[in-house]
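> So that you have it, the file is coords.csv, and it contains CSV, C-alpha atoms:
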chain,number,residue,atom,x,y,z
W,362,MET,CA,95.3,-97.7,33.9
W,363,GLN,CA,98.3,-96.0,32.2
W,364,ASP,CA,100.2,-93.8,34.8
W,365,ILE,CA,100.0,-90.7,32.8
W,366,PHE,CA,96.2,-91.0,32.3
W,367,LYS,CA,95.7,-91.3,36.1
W,368,GLN,CA,95.6,-87.5,36.0
W,369,TYR,CA,92.0,-87.8,34.8
W,370,LEU,CA,90.7,-90.2,37.6
W,371,HIS,CA,87.8,-88.5,39.4
W,372,LYS,CA,88.6,-85.2,37.7
W,373,LYS,CA,85.9,-83.0,36.1
W,374,VAL,CA,86.5,-82.9,32.3
W,375,LEU,CA,84.4,-80.6,30.1
W,376,ILE,CA,84.3,-81.5,26.4
W,377,THR,CA,82.8,-78.9,24.0
W,378,GLY,CA,81.4,-80.5,20.8
W,379,ASN,CA,81.1,-83.8,22.7
W,380,THR,CA,78.1,-85.0,20.7
W,381,GLY,CA,80.2,-85.2,17.5
W,382,PHE,CA,82.3,-88.2,16.2
W,383,LYS,CA,85.6,-87.4,18.0
W,384,GLY,CA,83.8,-85.9,21.0
W,385,SER,CA,81.8,-89.1,21.5
W,386,TRP,CA,84.9,-91.3,21.4
W,387,LEU,CA,86.8,-89.0,23.8
W,388,SER,CA,83.8,-89.0,26.2
W,389,LEU,CA,83.8,-92.8,26.3
W,390,TRP,CA,87.5,-93.1,26.8
W,391,LEU,CA,87.5,-90.5,29.6
W,392,LEU,CA,84.6,-92.4,31.3
W,393,GLU,CA,86.7,-95.6,31.1
W,394,LEU,CA,89.5,-93.6,32.8
W,395,GLY,CA,87.2,-92.8,35.7
W,396,ALA,CA,86.7,-89.1,34.8
W,397,ASN,CA,83.5,-87.1,35.6
W,398,VAL,CA,82.6,-86.1,32.1
W,399,TYR,CA,80.6,-83.0,31.2
W,400,GLY,CA,79.5,-82.1,27.7
W,401,TYR,CA,78.6,-78.8,26.0
W,402,SER,CA,77.2,-79.0,22.5
W,403,ASN,CA,74.7,-77.2,20.3
W,404,THR,CA,73.0,-80.3,19.0
W,405,ILE,CA,73.5,-83.9,18.0
W,406,PRO,CA,74.9,-83.3,14.5
W,407,THR,CA,74.1,-86.5,12.6
W,408,GLU,CA,71.5,-89.3,12.4
W,409,PRO,CA,72.6,-91.9,13.2
W,410,SER,CA,75.2,-90.7,15.6
W,411,LEU,CA,77.8,-92.4,17.8
W,412,PHE,CA,76.6,-90.2,20.7
W,413,LYS,CA,73.1,-91.8,20.5
W,414,SER,CA,74.3,-95.3,19.6
W,415,LEU,CA,76.4,-95.5,22.7
W,416,ALA,CA,73.8,-93.8,24.9
W,417,ILE,CA,76.6,-91.4,26.1
W,418,GLU,CA,74.1,-88.8,27.4
W,419,ASN,CA,73.0,-91.3,30.1
W,420,LYS,CA,76.6,-91.5,31.4
W,421,ILE,CA,77.6,-87.8,31.6
W,422,SER,CA,76.3,-84.4,32.5
W,423,GLN,CA,75.1,-82.7,29.3
W,424,VAL,CA,74.5,-79.1,28.6
W,425,TYR,CA,73.1,-78.0,25.2
W,426,GLY,CA,74.2,-74.6,24.1
W,427,ASP,CA,75.9,-72.7,21.2
W,428,VAL,CA,79.6,-72.2,21.6
W,429,ARG,CA,79.0,-68.7,20.0
W,430,ASP,CA,77.0,-67.7,23.1
W,431,LEU,CA,79.6,-66.2,25.4
W,432,THR,CA,77.2,-65.8,28.3
W,433,LYS,CA,76.2,-69.5,28.2
W,434,VAL,CA,79.7,-70.7,27.7
W,435,LYS,CA,80.9,-68.6,30.7
W,436,ALA,CA,78.1,-69.7,32.9
W,437,THR,CA,78.6,-73.4,32.1
W,438,ILE,CA,82.3,-73.3,32.8
W,439,GLU,CA,81.8,-71.3,36.0
W,440,GLU,CA,79.2,-73.8,37.2
W,441,ILE,CA,81.2,-76.9,36.4
W,442,LYS,CA,84.6,-75.6,37.4
W,443,PRO,CA,86.3,-78.3,35.3
W,444,ASP,CA,89.9,-79.5,35.9
W,445,PHE,CA,90.3,-80.1,32.2
W,446,ILE,CA,88.6,-78.7,29.0
W,447,PHE,CA,88.9,-80.3,25.6
W,448,HIS,CA,87.5,-77.8,23.1
W,449,LEU,CA,86.3,-79.6,20.0
W,450,ALA,CA,83.1,-77.6,19.2
W,451,ALA,CA,83.4,-76.6,15.6
W,452,GLN,CA,81.8,-76.5,12.1
W,453,PRO,CA,83.9,-79.4,10.8
W,454,ILE,CA,82.8,-79.9,7.2
W,455,VAL,CA,84.7,-78.3,4.4
W,456,SER,CA,81.8,-78.4,2.0
W,457,VAL,CA,79.5,-76.8,4.5
W,458,SER,CA,81.9,-73.9,4.8
W,459,TYR,CA,81.2,-72.9,1.2
W,460,SER,CA,77.4,-72.8,1.8
W,461,SER,CA,77.6,-71.4,5.3
W,462,PRO,CA,80.8,-69.3,5.6
W,463,VAL,CA,79.5,-67.1,8.4
W,464,GLU,CA,78.4,-70.0,10.5
W,465,THR,CA,81.8,-71.6,9.9
W,466,VAL,CA,83.9,-68.6,10.8
W,467,THR,CA,81.8,-67.6,13.8
W,468,THR,CA,81.7,-71.1,15.2
W,469,ASN,CA,85.3,-71.9,14.6
W,470,VAL,CA,86.8,-68.5,15.5
W,471,ILE,CA,84.4,-66.7,17.9
W,472,GLY,CA,83.5,-70.1,19.5
W,473,THR,CA,87.2,-70.7,20.3
W,474,MET,CA,87.6,-67.1,21.6
W,475,ASN,CA,84.5,-67.6,23.9
W,476,VAL,CA,86.1,-70.6,25.5
W,477,LEU,CA,89.4,-68.7,25.9
W,478,GLU,CA,87.6,-65.6,27.2
W,479,SER,CA,85.8,-67.8,29.8
W,480,LEU,CA,89.1,-69.3,30.9
W,481,ARG,CA,90.7,-65.8,31.2
W,482,ILE,CA,88.6,-64.9,34.2
W,483,LEU,CA,88.9,-68.2,36.1
W,484,ASN,CA,90.2,-68.1,39.7
W,485,TYR,CA,91.0,-71.8,39.9
W,486,PRO,CA,93.4,-74.1,38.1
W,487,CYS,CA,92.3,-75.5,34.7
W,488,THR,CA,94.1,-77.2,31.8
W,489,ALA,CA,92.6,-76.6,28.4
W,490,ILE,CA,93.4,-78.3,25.1
W,491,ILE,CA,92.2,-76.2,22.1
W,492,ILE,CA,91.7,-78.6,19.2
W,493,THR,CA,91.8,-77.2,15.6
W,494,SER,CA,92.8,-79.0,12.5
W,495,ASP,CA,95.7,-79.9,10.2
W,496,LYS,CA,94.0,-77.6,7.7
W,497,CYS,CA,95.0,-74.6,9.8
W,498,TYR,CA,98.2,-74.6,7.8
W,499,ASN,CA,98.7,-72.6,4.6
W,500,ASN,CA,98.8,-75.7,2.4
W,501,VAL,CA,101.0,-75.3,-0.7
W,502,GLU,CA,101.0,-79.1,-1.1
W,503,TRP,CA,104.7,-79.6,-0.6
W,504,VAL,CA,105.9,-83.2,0.0
W,505,TRP,CA,107.3,-82.8,3.5
W,506,GLY,CA,105.2,-82.4,6.6
W,507,TYR,CA,104.1,-79.1,8.1
W,508,LYS,CA,105.7,-78.2,11.4
W,509,GLU,CA,104.0,-76.3,14.2
W,510,THR,CA,106.0,-73.2,13.3
W,511,ASP,CA,104.8,-73.1,9.6
W,512,GLY,CA,102.5,-70.5,8.3
W,513,LEU,CA,98.8,-70.6,9.0
W,514,GLY,CA,95.8,-69.9,6.7
W,515,GLY,CA,94.4,-71.3,3.5
W,516,GLU,CA,92.6,-70.6,0.3
W,517,ASP,CA,89.2,-71.8,1.5
W,518,ILE,CA,86.9,-70.6,4.3
W,519,TYR,CA,87.3,-73.7,6.4
W,520,SER,CA,91.1,-73.6,6.4
W,521,GLY,CA,91.0,-69.8,7.1
W,522,SER,CA,88.7,-70.3,10.1
W,523,LYS,CA,91.0,-72.9,11.6
W,524,GLY,CA,94.1,-70.8,11.0
W,525,ALA,CA,92.3,-67.8,12.6
W,526,ALA,CA,91.3,-70.0,15.6
W,527,GLU,CA,95.0,-70.8,16.1
W,528,LEU,CA,95.9,-67.0,15.9
W,529,VAL,CA,93.3,-66.3,18.5
W,530,PHE,CA,94.6,-69.1,20.7
W,531,ASN,CA,98.2,-67.7,20.4
W,532,SER,CA,97.2,-64.1,21.2
W,533,TYR,CA,95.2,-65.1,24.2
W,534,TYR,CA,98.1,-67.2,25.5
W,535,HIS,CA,100.6,-64.3,25.2
W,536,SER,CA,98.1,-61.7,26.5
W,537,PHE,CA,96.7,-63.6,29.5
W,538,PHE,CA,97.9,-67.2,30.1
W,539,LYS,CA,101.6,-66.7,29.8
W,540,LYS,CA,101.7,-64.8,33.0
W,541,LYS,CA,102.8,-66.6,36.2
W,542,ILE,CA,99.7,-65.5,38.0
W,543,SER,CA,97.3,-67.2,35.6
W,544,ASN,CA,95.5,-70.3,36.9
W,545,VAL,CA,95.1,-71.6,33.4
W,546,ARG,CA,97.4,-73.7,31.1
W,547,VAL,CA,96.5,-73.9,27.5
W,548,ALA,CA,97.8,-75.8,24.4
W,549,SER,CA,96.5,-76.3,20.9
W,550,ALA,CA,96.3,-79.6,19.0
W,551,ARG,CA,96.2,-80.2,15.3
W,552,ALA,CA,95.0,-83.3,13.5
W,553,GLY,CA,92.9,-84.3,10.6
W,554,ASN,CA,91.6,-86.9,8.2
W,555,VAL,CA,90.5,-89.0,11.2
W,556,ILE,CA,88.5,-92.1,10.5
W,557,GLY,CA,86.9,-94.7,12.6
W,558,GLY,CA,83.6,-96.3,13.6
W,559,GLY,CA,80.6,-94.0,14.3
W,560,ASP,CA,81.3,-91.1,11.9
W,561,TRP,CA,78.2,-90.2,9.9
W,562,ALA,CA,79.1,-86.7,8.8
W,563,THR,CA,78.2,-85.5,5.3
W,564,ASP,CA,80.8,-85.2,2.5
W,565,ARG,CA,83.4,-87.4,4.2
W,566,ILE,CA,84.6,-90.3,2.2
W,567,ILE,CA,84.4,-93.0,4.9
W,568,PRO,CA,80.8,-92.2,6.1
W,569,ASP,CA,79.7,-91.8,2.5
W,570,ALA,CA,81.1,-95.2,1.7
W,571,MET,CA,79.6,-96.9,4.7
W,572,ARG,CA,76.1,-95.4,4.1
W,573,ALA,CA,76.3,-96.6,0.4
W,574,TRP,CA,77.7,-100.1,1.2
W,575,SER,CA,75.2,-100.7,3.9
W,576,GLN,CA,72.4,-100.2,1.3
W,577,GLY,CA,74.1,-102.3,-1.3
W,578,LYS,CA,75.2,-99.3,-3.4
W,579,VAL,CA,78.6,-98.1,-4.6
W,580,VAL,CA,80.1,-94.8,-3.3
W,581,GLU,CA,80.8,-91.9,-5.6
W,582,ILE,CA,84.3,-90.3,-5.2
W,583,ARG,CA,85.5,-87.0,-6.5
W,584,SER,CA,89.3,-87.1,-6.2
W,585,PRO,CA,90.5,-90.7,-6.3
W,586,GLU,CA,94.2,-89.7,-6.3
W,587,ALA,CA,94.0,-87.1,-3.5
W,588,THR,CA,96.4,-88.1,-0.7
W,589,ARG,CA,95.6,-87.7,3.0
W,590,PRO,CA,97.3,-88.6,6.3
W,591,TRP,CA,94.7,-91.2,7.3
W,592,GLN,CA,94.6,-92.1,11.0
W,593,HIS,CA,92.2,-93.9,13.3
W,594,VAL,CA,90.4,-91.6,15.7
W,595,LEU,CA,92.1,-93.2,18.7
W,596,GLU,CA,95.5,-92.0,17.6
W,597,PRO,CA,94.9,-88.2,17.9
W,598,LEU,CA,92.7,-88.7,21.0
W,599,SER,CA,95.6,-90.5,22.7
W,600,GLY,CA,97.7,-87.4,21.8
W,601,TYR,CA,95.1,-85.0,23.2
W,602,LEU,CA,94.8,-87.0,26.4
W,603,ASN,CA,98.6,-87.2,26.7
W,604,LEU,CA,99.0,-83.5,26.1
W,605,GLY,CA,96.3,-82.6,28.6
W,606,ALA,CA,97.9,-84.8,31.3
W,607,GLU,CA,101.4,-83.6,30.7
W,608,LEU,CA,100.4,-79.9,30.4
W,609,SER,CA,98.7,-80.1,33.8
W,610,GLN,CA,102.1,-81.1,35.3
W,611,LYS,CA,104.6,-79.2,33.2
W,612,THR,CA,104.5,-75.4,32.8
W,613,GLN,CA,107.0,-75.5,29.9
W,614,LEU,CA,104.2,-76.9,27.6
W,615,ASN,CA,102.0,-73.9,28.3
W,616,GLY,CA,101.1,-72.1,25.1
W,617,GLU,CA,102.5,-74.7,22.8
W,618,SER,CA,100.9,-76.3,19.7
W,619,PHE,CA,101.3,-79.9,18.7
W,620,ASN,CA,100.6,-82.0,15.5
W,621,PHE,CA,99.2,-85.4,15.9
W,622,GLY,CA,99.3,-87.4,12.7
W,623,PRO,CA,100.2,-90.8,11.3
W,624,ARG,CA,103.4,-92.1,10.0
W,625,ALA,CA,104.5,-91.1,6.5
W,626,GLU,CA,103.5,-94.5,5.0
W,627,TYR,CA,99.9,-93.8,6.0
W,628,ASN,CA,99.6,-91.0,3.3
W,629,ARG,CA,97.4,-93.0,0.9
W,630,THR,CA,95.0,-92.0,-1.8
W,631,VAL,CA,91.3,-92.0,-1.6
W,632,ARG,CA,91.2,-94.9,-4.0
W,633,GLU,CA,93.5,-97.0,-1.9
W,634,ILE,CA,91.6,-96.4,1.3
W,635,LEU,CA,88.4,-97.5,-0.3
W,636,GLU,CA,89.9,-100.6,-1.8
W,637,ASN,CA,91.4,-101.5,1.6
W,638,LEU,CA,88.1,-100.9,3.5
W,639,SER,CA,86.0,-102.8,0.9
W,640,VAL,CA,87.7,-106.0,2.0
W,641,HIS,CA,86.0,-105.8,5.4
W,642,TRP,CA,82.7,-105.5,3.5
W,643,HIS,CA,83.4,-108.7,1.6
W,644,PHE,CA,83.6,-107.1,-1.9
W,645,SER,CA,85.1,-109.7,-4.2
W,646,ASP,CA,86.4,-106.9,-6.5
W,647,PRO,CA,87.4,-103.6,-4.8
W,648,ASN,CA,86.7,-101.8,-8.1
W,649,GLU,CA,83.0,-102.6,-7.6
W,650,ALA,CA,82.9,-100.6,-4.4
W,651,TYR,CA,83.2,-97.1,-5.9
W,652,THR,CA,82.6,-95.0,-9.0
W,653,ILE,CA,84.4,-91.8,-9.9
W,654,THR,CA,82.5,-88.6,-10.6
W,655,ASP,CA,83.8,-85.4,-12.2
W,656,ASN,CA,81.6,-83.3,-9.8
W,657,LEU,CA,84.1,-81.2,-7.8
W,658,PRO,CA,82.0,-78.4,-6.4
W,659,PHE,CA,84.7,-76.9,-4.2
W,660,HIS,CA,88.5,-76.7,-3.8
W,661,GLU,CA,90.1,-79.7,-2.2
W,662,ALA,CA,93.8,-80.0,-1.5
W,663,GLY,CA,95.5,-82.9,-3.2
W,664,LEU,CA,98.3,-83.4,-0.7
W,665,LEU,CA,98.7,-82.7,3.1
W,666,LYS,CA,101.2,-84.1,5.5
W,667,LEU,CA,102.1,-83.3,9.2
W,668,ASN,CA,105.5,-83.4,10.9
W,669,CYS,CA,104.9,-84.8,14.4
W,670,ASP,CA,108.5,-84.7,15.7
W,671,LYS,CA,107.5,-82.2,18.4
W,672,ALA,CA,105.0,-84.6,19.9
W,673,LEU,CA,107.6,-87.3,19.8
W,674,PHE,CA,110.2,-85.2,21.5
W,675,TYR,CA,108.1,-83.5,24.2
W,676,LEU,CA,105.4,-86.1,24.8
W,677,LYS,CA,107.0,-89.3,23.6
W,678,TRP,CA,103.9,-89.8,21.4
W,679,PHE,CA,103.8,-91.4,18.0
W,680,ALA,CA,101.1,-93.1,16.0
W,681,SER,CA,101.3,-96.8,16.7
W,682,MET,CA,98.4,-98.5,14.8
W,683,ASP,CA,99.5,-100.6,11.9
W,684,TYR,CA,98.0,-99.9,8.5
W,685,LYS,CA,96.0,-103.1,8.5
W,686,ASP,CA,94.7,-102.3,12.0
W,687,LEU,CA,93.5,-98.9,10.8
W,688,PHE,CA,91.2,-100.5,8.3
W,689,PHE,CA,90.1,-103.4,10.4
W,690,PHE,CA,89.1,-101.1,13.3
W,691,THR,CA,87.2,-98.9,11.0
W,692,GLY,CA,85.6,-101.3,8.5
W,693,ASP,CA,84.6,-103.9,11.1
W,694,TRP,CA,83.0,-101.3,13.4
W,695,TYR,CA,80.6,-100.3,10.7
W,696,TYR,CA,80.0,-103.9,9.6
W,697,GLN,CA,79.1,-104.9,13.1
W,698,PHE,CA,76.8,-101.8,13.4
W,699,TYR,CA,74.9,-102.4,10.2
W,700,LYS,CA,75.0,-106.2,9.8
W,701,THR,CA,74.9,-107.7,13.3
W,702,ASP,CA,73.2,-107.2,16.7
W,703,THR,CA,76.5,-106.5,18.5
W,704,ASP,CA,76.5,-104.4,21.6
W,705,MET,CA,78.3,-101.4,20.1
W,706,ASN,CA,79.0,-99.8,23.4
W,707,GLN,CA,81.0,-102.8,24.6
W,708,TYR,CA,82.5,-103.3,21.1
W,709,THR,CA,83.7,-99.7,21.1
W,710,ILE,CA,85.2,-100.0,24.6
W,711,ASN,CA,86.9,-103.2,23.4
W,712,GLN,CA,88.5,-101.2,20.5
W,713,ILE,CA,89.9,-98.7,23.0
W,714,ASN,CA,91.4,-101.4,25.1
W,715,ASN,CA,92.8,-103.2,22.0
W,716,TYR,CA,94.3,-99.9,20.8
W,717,ILE,CA,96.0,-99.5,24.2
W,718,ASP,CA,97.4,-103.0,23.9
W,719,ILE,CA,98.8,-102.2,20.4
W,720,THR,CA,100.5,-99.0,21.7
W,721,LYS,CA,101.9,-100.9,24.7
W,722,ASN,CA,103.4,-103.6,22.5
W,723,LYS,CA,104.9,-100.8,20.4
W,724,GLY,CA,106.6,-99.4,23.5
W,725,VAL,CA,104.8,-96.1,23.4
W,726,THR,CA,105.5,-94.4,26.7
W,727,TRP,CA,102.0,-93.3,27.6
W,728,ALA,CA,100.6,-96.8,27.3
W,729,GLN,CA,103.0,-98.4,29.7
Output the file's structure in the form of structure tokens.


Amino acid sequence: MQDIFKQYLHKKVLITGNTGFKGSWLSLWLLELGANVYGYSNTIPTEPSLFKSLAIENKISQVYGDVRDLTKVKATIEEIKPDFIFHLAAQPIVSVSYSSPVETVTTNVIGTMNVLESLRILNYPCTAIIITSDKCYNNVEWVWGYKETDGLGGEDIYSGSKGAAELVFNSYYHSFFKKKISNVRVASARAGNVIGGGDWATDRIIPDAMRAWSQGKVVEIRSPEATRPWQHVLEPLSGYLNLGAELSQKTQLNGESFNFGPRAEYNRTVREILENLSVHWHFSDPNEAYTITDNLPFHEAGLLKLNCDKALFYLKWFASMDYKDLFFFTGDWYYQFYKTDTDMNQYTINQINNYIDITKNKGVTWAQ
């Protein structure tokens, strides 16, 4: 086990939104680190789901509840008395924010406030990572990456909700957790455009493609030239785990925010990512894997980049997966799931271990 991650051994770790894509990967990784994992989630959000596929509920202590229910959130945290909290519970889909703006704002903003409010009254030590999104920034589509000090907000409901969540985090830190008498240390983490096996969310390009290809169909895409900072789910998760472990030991990180994103060369278009992924699904011609539609029912940013120098400086963290590995890890996971009888729990654990080996070979500090 990596020295920094020994902080989680036998510790109680609560993950809100643990039944989702990222939450399920994080749960499995923490179980491998020897943590006692607790989950708080409203529902299992997709069918199929990674949470069900890996039978995670059988390995953790699960509570079902709405993060907007302050009484339930408070009671759960008070009963568990976690050493660490990773707050991932959210309404994560941009398209859904247009049809359900109230649900999006209340879940992403009030839900975050409820977690912070529950932390405010704790009388024991706890380290909490509040996870928002790279879309918290007021995106004007400039060509350089957004830094943690850049303006928050956005033109759409989803971006606004994530920017507002960060403002709530910041105000709670300065009002309550900055004080020396506080038992709680908090930090926020921002990442986006995460891909990897086991994501079946609606209106996301990779799940849409995998659903279509598994049925012998082509996938429809709206914005083939839109550029995103694609990264495998294990990259930001390693950042969250790193930040949590370091924050528990270093008071100077209290109240800070960190970007976790890929290297600049990973900013590729939607068209490119589908062409790269189609190789692992044995398309002889990548152009036969997708079709372009003019249906653009909501605003989508064309360009978004993150500057991750702060994570490199303070945490010695940087994205380490090669571009080819990004697509192999993702494409092959889905291919094994849909086309073989592979034990997906063990396969997913193997991917975590393979990723750790990759980072170790790149000389990343946390993996040594």

> Would you pick out the contacts of range 448-458 of chain W at 9 Å or less, using only C-alpha atoms, so that residues sharing its chain but fewer than 6 positions from it are not included, and give the list as a compact mmCIF listing (two decimals) with C-alpha atoms, in the coordinates of the input?


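Wrote around-v1.txt, looks like this:
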# COMPACT_ATOMS: atom_id res chain seq x y z
CA LEU W 375 84.40 -80.60 30.10
CA ILE W 376 84.30 -81.50 26.40
CA THR W 377 82.80 -78.90 24.00
CA GLY W 378 81.40 -80.50 20.80
CA ASN W 379 81.10 -83.80 22.70
CA GLY W 381 80.20 -85.20 17.50
CA LYS W 383 85.60 -87.40 18.00
CA GLY W 384 83.80 -85.90 21.00
CA TYR W 401 78.60 -78.80 26.00
CA SER W 402 77.20 -79.00 22.50
CA ASN W 403 74.70 -77.20 20.30
CA ASP W 427 75.90 -72.70 21.20
CA VAL W 428 79.60 -72.20 21.60
CA GLU W 464 78.40 -70.00 10.50
CA THR W 465 81.80 -71.60 9.90
CA VAL W 466 83.90 -68.60 10.80
CA THR W 468 81.70 -71.10 15.20
CA ASN W 469 85.30 -71.90 14.60
CA VAL W 470 86.80 -68.50 15.50
CA GLY W 472 83.50 -70.10 19.50
CA THR W 473 87.20 -70.70 20.30
CA VAL W 476 86.10 -70.60 25.50
CA ALA W 489 92.60 -76.60 28.40
CA ILE W 490 93.40 -78.30 25.10
CA ILE W 491 92.20 -76.20 22.10
CA ILE W 492 91.70 -78.60 19.20
CA THR W 493 91.80 -77.20 15.60
CA ASP W 517 89.20 -71.80 1.50
CA ILE W 518 86.90 -70.60 4.30
CA TYR W 519 87.30 -73.70 6.40
CA SER W 520 91.10 -73.60 6.40
CA ALA W 562 79.10 -86.70 8.80
CA THR W 563 78.20 -85.50 5.30
CA ASP W 564 80.80 -85.20 2.50
CA ARG W 565 83.40 -87.40 4.20
CA PRO W 658 82.00 -78.40 -6.40
CA PHE W 659 84.70 -76.90 -4.20
CA GLU W 661 90.10 -79.70 -2.20

> Separation of CA of Tyr708 in chain W and CA of Tyr651 in chain W, in Å?

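Separation of CA of Tyr708 in chain W and CA of Tyr651 in chain W: 27.7 Å.
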
> Given the choices W:Tyr696, W:Phe621, W:Phe447, W:Phe530, which gets closest to Lys666 in chain W if the distance is worked out from only C-alpha atoms?

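The closest residue to Lys666 in chain W is W:Phe621.
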
> Looking at all atoms listed in the file, which of W:Ser618, W:Asn484, W:Ala587, W:Lys578 is the one that sits closest to Ala550 in chain W?

W:Ser618

> Between CA of Asn706 in chain W and CA of Ser422 in chain W, what distance in Å does the model show, to one decimal?

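Going from CA of Asn706 in chain W over to CA of Ser422 in chain W, I get 18.1 Å.
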
> So which residues touch Val374 in chain W within 7 Å, counting only C-alpha atoms, skipping near sequence neighbours fewer than 3 positions away, as a PyMOL selection string?

chain W and resi 396-399+443-446

> So how many Å separate CA of Ile417 in chain W and CA of Asp560 in chain W, to one decimal?

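Computing the Euclidean distance for CA of Ile417 in chain W and CA of Asp560 in chain W yields 15.0 Å.
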
> My list of candidates is W:Glu633, W:Trp727, W:Leu480, W:Lys611. Which is closest to Phe537 in chain W when distances are computed with only C-alpha atoms?

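Closest candidate: W:Leu480.
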
> In terms of the shortest atom-to-atom distance over only C-alpha atoms, which of W:Val555, W:Val545, W:Ile566, W:Ala650 is closest to Thr612 in chain W?

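Looking at the shortest contact to Thr612 in chain W, the residue is W:Val545.
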
> Show which residues sit within 7 Å of Asn554 in chain W, as a PyMOL selection string. Count all atoms listed in the file, and ignore same-chain residues fewer than 2 positions away.

chain W and resi 556+589-592

> Got a sec to check which residues sit within 10 Å of (100.1, -79.5, 27.1), counting all atoms listed in the file, and write them as a ChimeraX atom specification?

/W:488-491,546-550,600-619,675-676

> Identify the residues around (89.5, -94.5, 38.9) within a radius of 9 Å, measuring from all atoms listed in the file in the coordinates stated by the file, and give them as an NGL selection string.

:W and (362 or 367 or 369-371 or 393-396)

> Under the rule that only C-alpha atoms are counted, which of W:Trp390, W:Tyr627, W:Trp561, W:Tyr459 is the nearest residue to Asp686 in chain W?

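Result for the nearest residue to Asp686 in chain W: W:Tyr627.
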
> What's around Thr720 in chain W at 8 Å? Count all atoms listed in the file, leave out sequence neighbours fewer than 4 positions away in its own chain, and write the answer as a VMD selection string.

chain W and resid 681 to 682 716 724 to 725 728

> What's around Gly514 in chain W at 8 Å? Count all atoms listed in the file, leave out sequence neighbours fewer than 6 positions away in its own chain, and write the answer as a VMD selection string.

chain W and resid 496 to 500 520 to 525

> Restrict the selected residues to C-alpha atoms and save them as a compact mmCIF listing (two decimals), keeping the file's coordinate frame.


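Written out: part.txt:
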# COMPACT_ATOMS: atom_id res chain seq x y z
CA LYS W 496 94.00 -77.60 7.70
CA CYS W 497 95.00 -74.60 9.80
CA TYR W 498 98.20 -74.60 7.80
CA ASN W 499 98.70 -72.60 4.60
CA ASN W 500 98.80 -75.70 2.40
CA SER W 520 91.10 -73.60 6.40
CA GLY W 521 91.00 -69.80 7.10
CA SER W 522 88.70 -70.30 10.10
CA LYS W 523 91.00 -72.90 11.60
CA GLY W 524 94.10 -70.80 11.00
CA ALA W 525 92.30 -67.80 12.60

> Using all atoms listed in the file for the distances, tell me which of W:Ser385, W:Val463, W:Glu439, W:Leu477 is nearest to Ala416 in chain W.

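Of W:Ser385, W:Val463, W:Glu439, W:Leu477, the one nearest Ala416 in chain W, counting all atoms listed in the file, is W:Ser385.
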
> Could I get range 383-395 of chain W from the block written out with N, CA and C atoms, as a tab-separated table (two decimals), in the first residue's frame?


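Here's the written file part.tsv:
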chain	number	residue	atom	x	y	z
W	383	LYS	N	-18.62	7.56	-10.14
W	383	LYS	CA	-17.40	7.88	-9.40
W	383	LYS	C	-17.44	7.33	-7.98
W	384	GLY	N	-18.61	7.42	-7.35
W	384	GLY	CA	-18.73	6.93	-5.99
W	384	GLY	C	-18.48	5.44	-5.87
W	385	SER	N	-18.90	4.68	-6.89
W	385	SER	CA	-18.68	3.23	-6.87
W	385	SER	C	-17.20	2.89	-7.03
W	386	TRP	N	-16.52	3.57	-7.95
W	386	TRP	CA	-15.08	3.36	-8.11
W	386	TRP	C	-14.34	3.73	-6.81
W	387	LEU	N	-14.73	4.88	-6.21
W	387	LEU	CA	-14.07	5.31	-4.98
W	387	LEU	C	-14.32	4.32	-3.85
W	388	SER	N	-15.54	3.79	-3.76
W	388	SER	CA	-15.85	2.80	-2.73
W	388	SER	C	-14.96	1.59	-2.86
W	389	LEU	N	-14.82	1.08	-4.08
W	389	LEU	CA	-14.01	-0.11	-4.30
W	389	LEU	C	-12.54	0.14	-3.96
W	390	TRP	N	-12.03	1.30	-4.36
W	390	TRP	CA	-10.64	1.62	-4.07
W	390	TRP	C	-10.41	1.72	-2.56
W	391	LEU	N	-11.31	2.39	-1.85
W	391	LEU	CA	-11.15	2.51	-0.40
W	391	LEU	C	-11.25	1.15	0.29
W	392	LEU	N	-12.11	0.27	-0.21
W	392	LEU	CA	-12.17	-1.09	0.34
W	392	LEU	C	-10.84	-1.79	0.16
W	393	GLU	N	-10.21	-1.60	-1.00
W	393	GLU	CA	-8.90	-2.19	-1.24
W	393	GLU	C	-7.83	-1.61	-0.33
W	394	LEU	N	-8.05	-0.37	0.14
W	394	LEU	CA	-7.11	0.28	1.06
W	394	LEU	C	-7.37	-0.11	2.51
W	395	GLY	N	-8.38	-0.93	2.74
W	395	GLY	CA	-8.66	-1.40	4.09
W	395	GLY	C	-9.52	-0.46	4.91
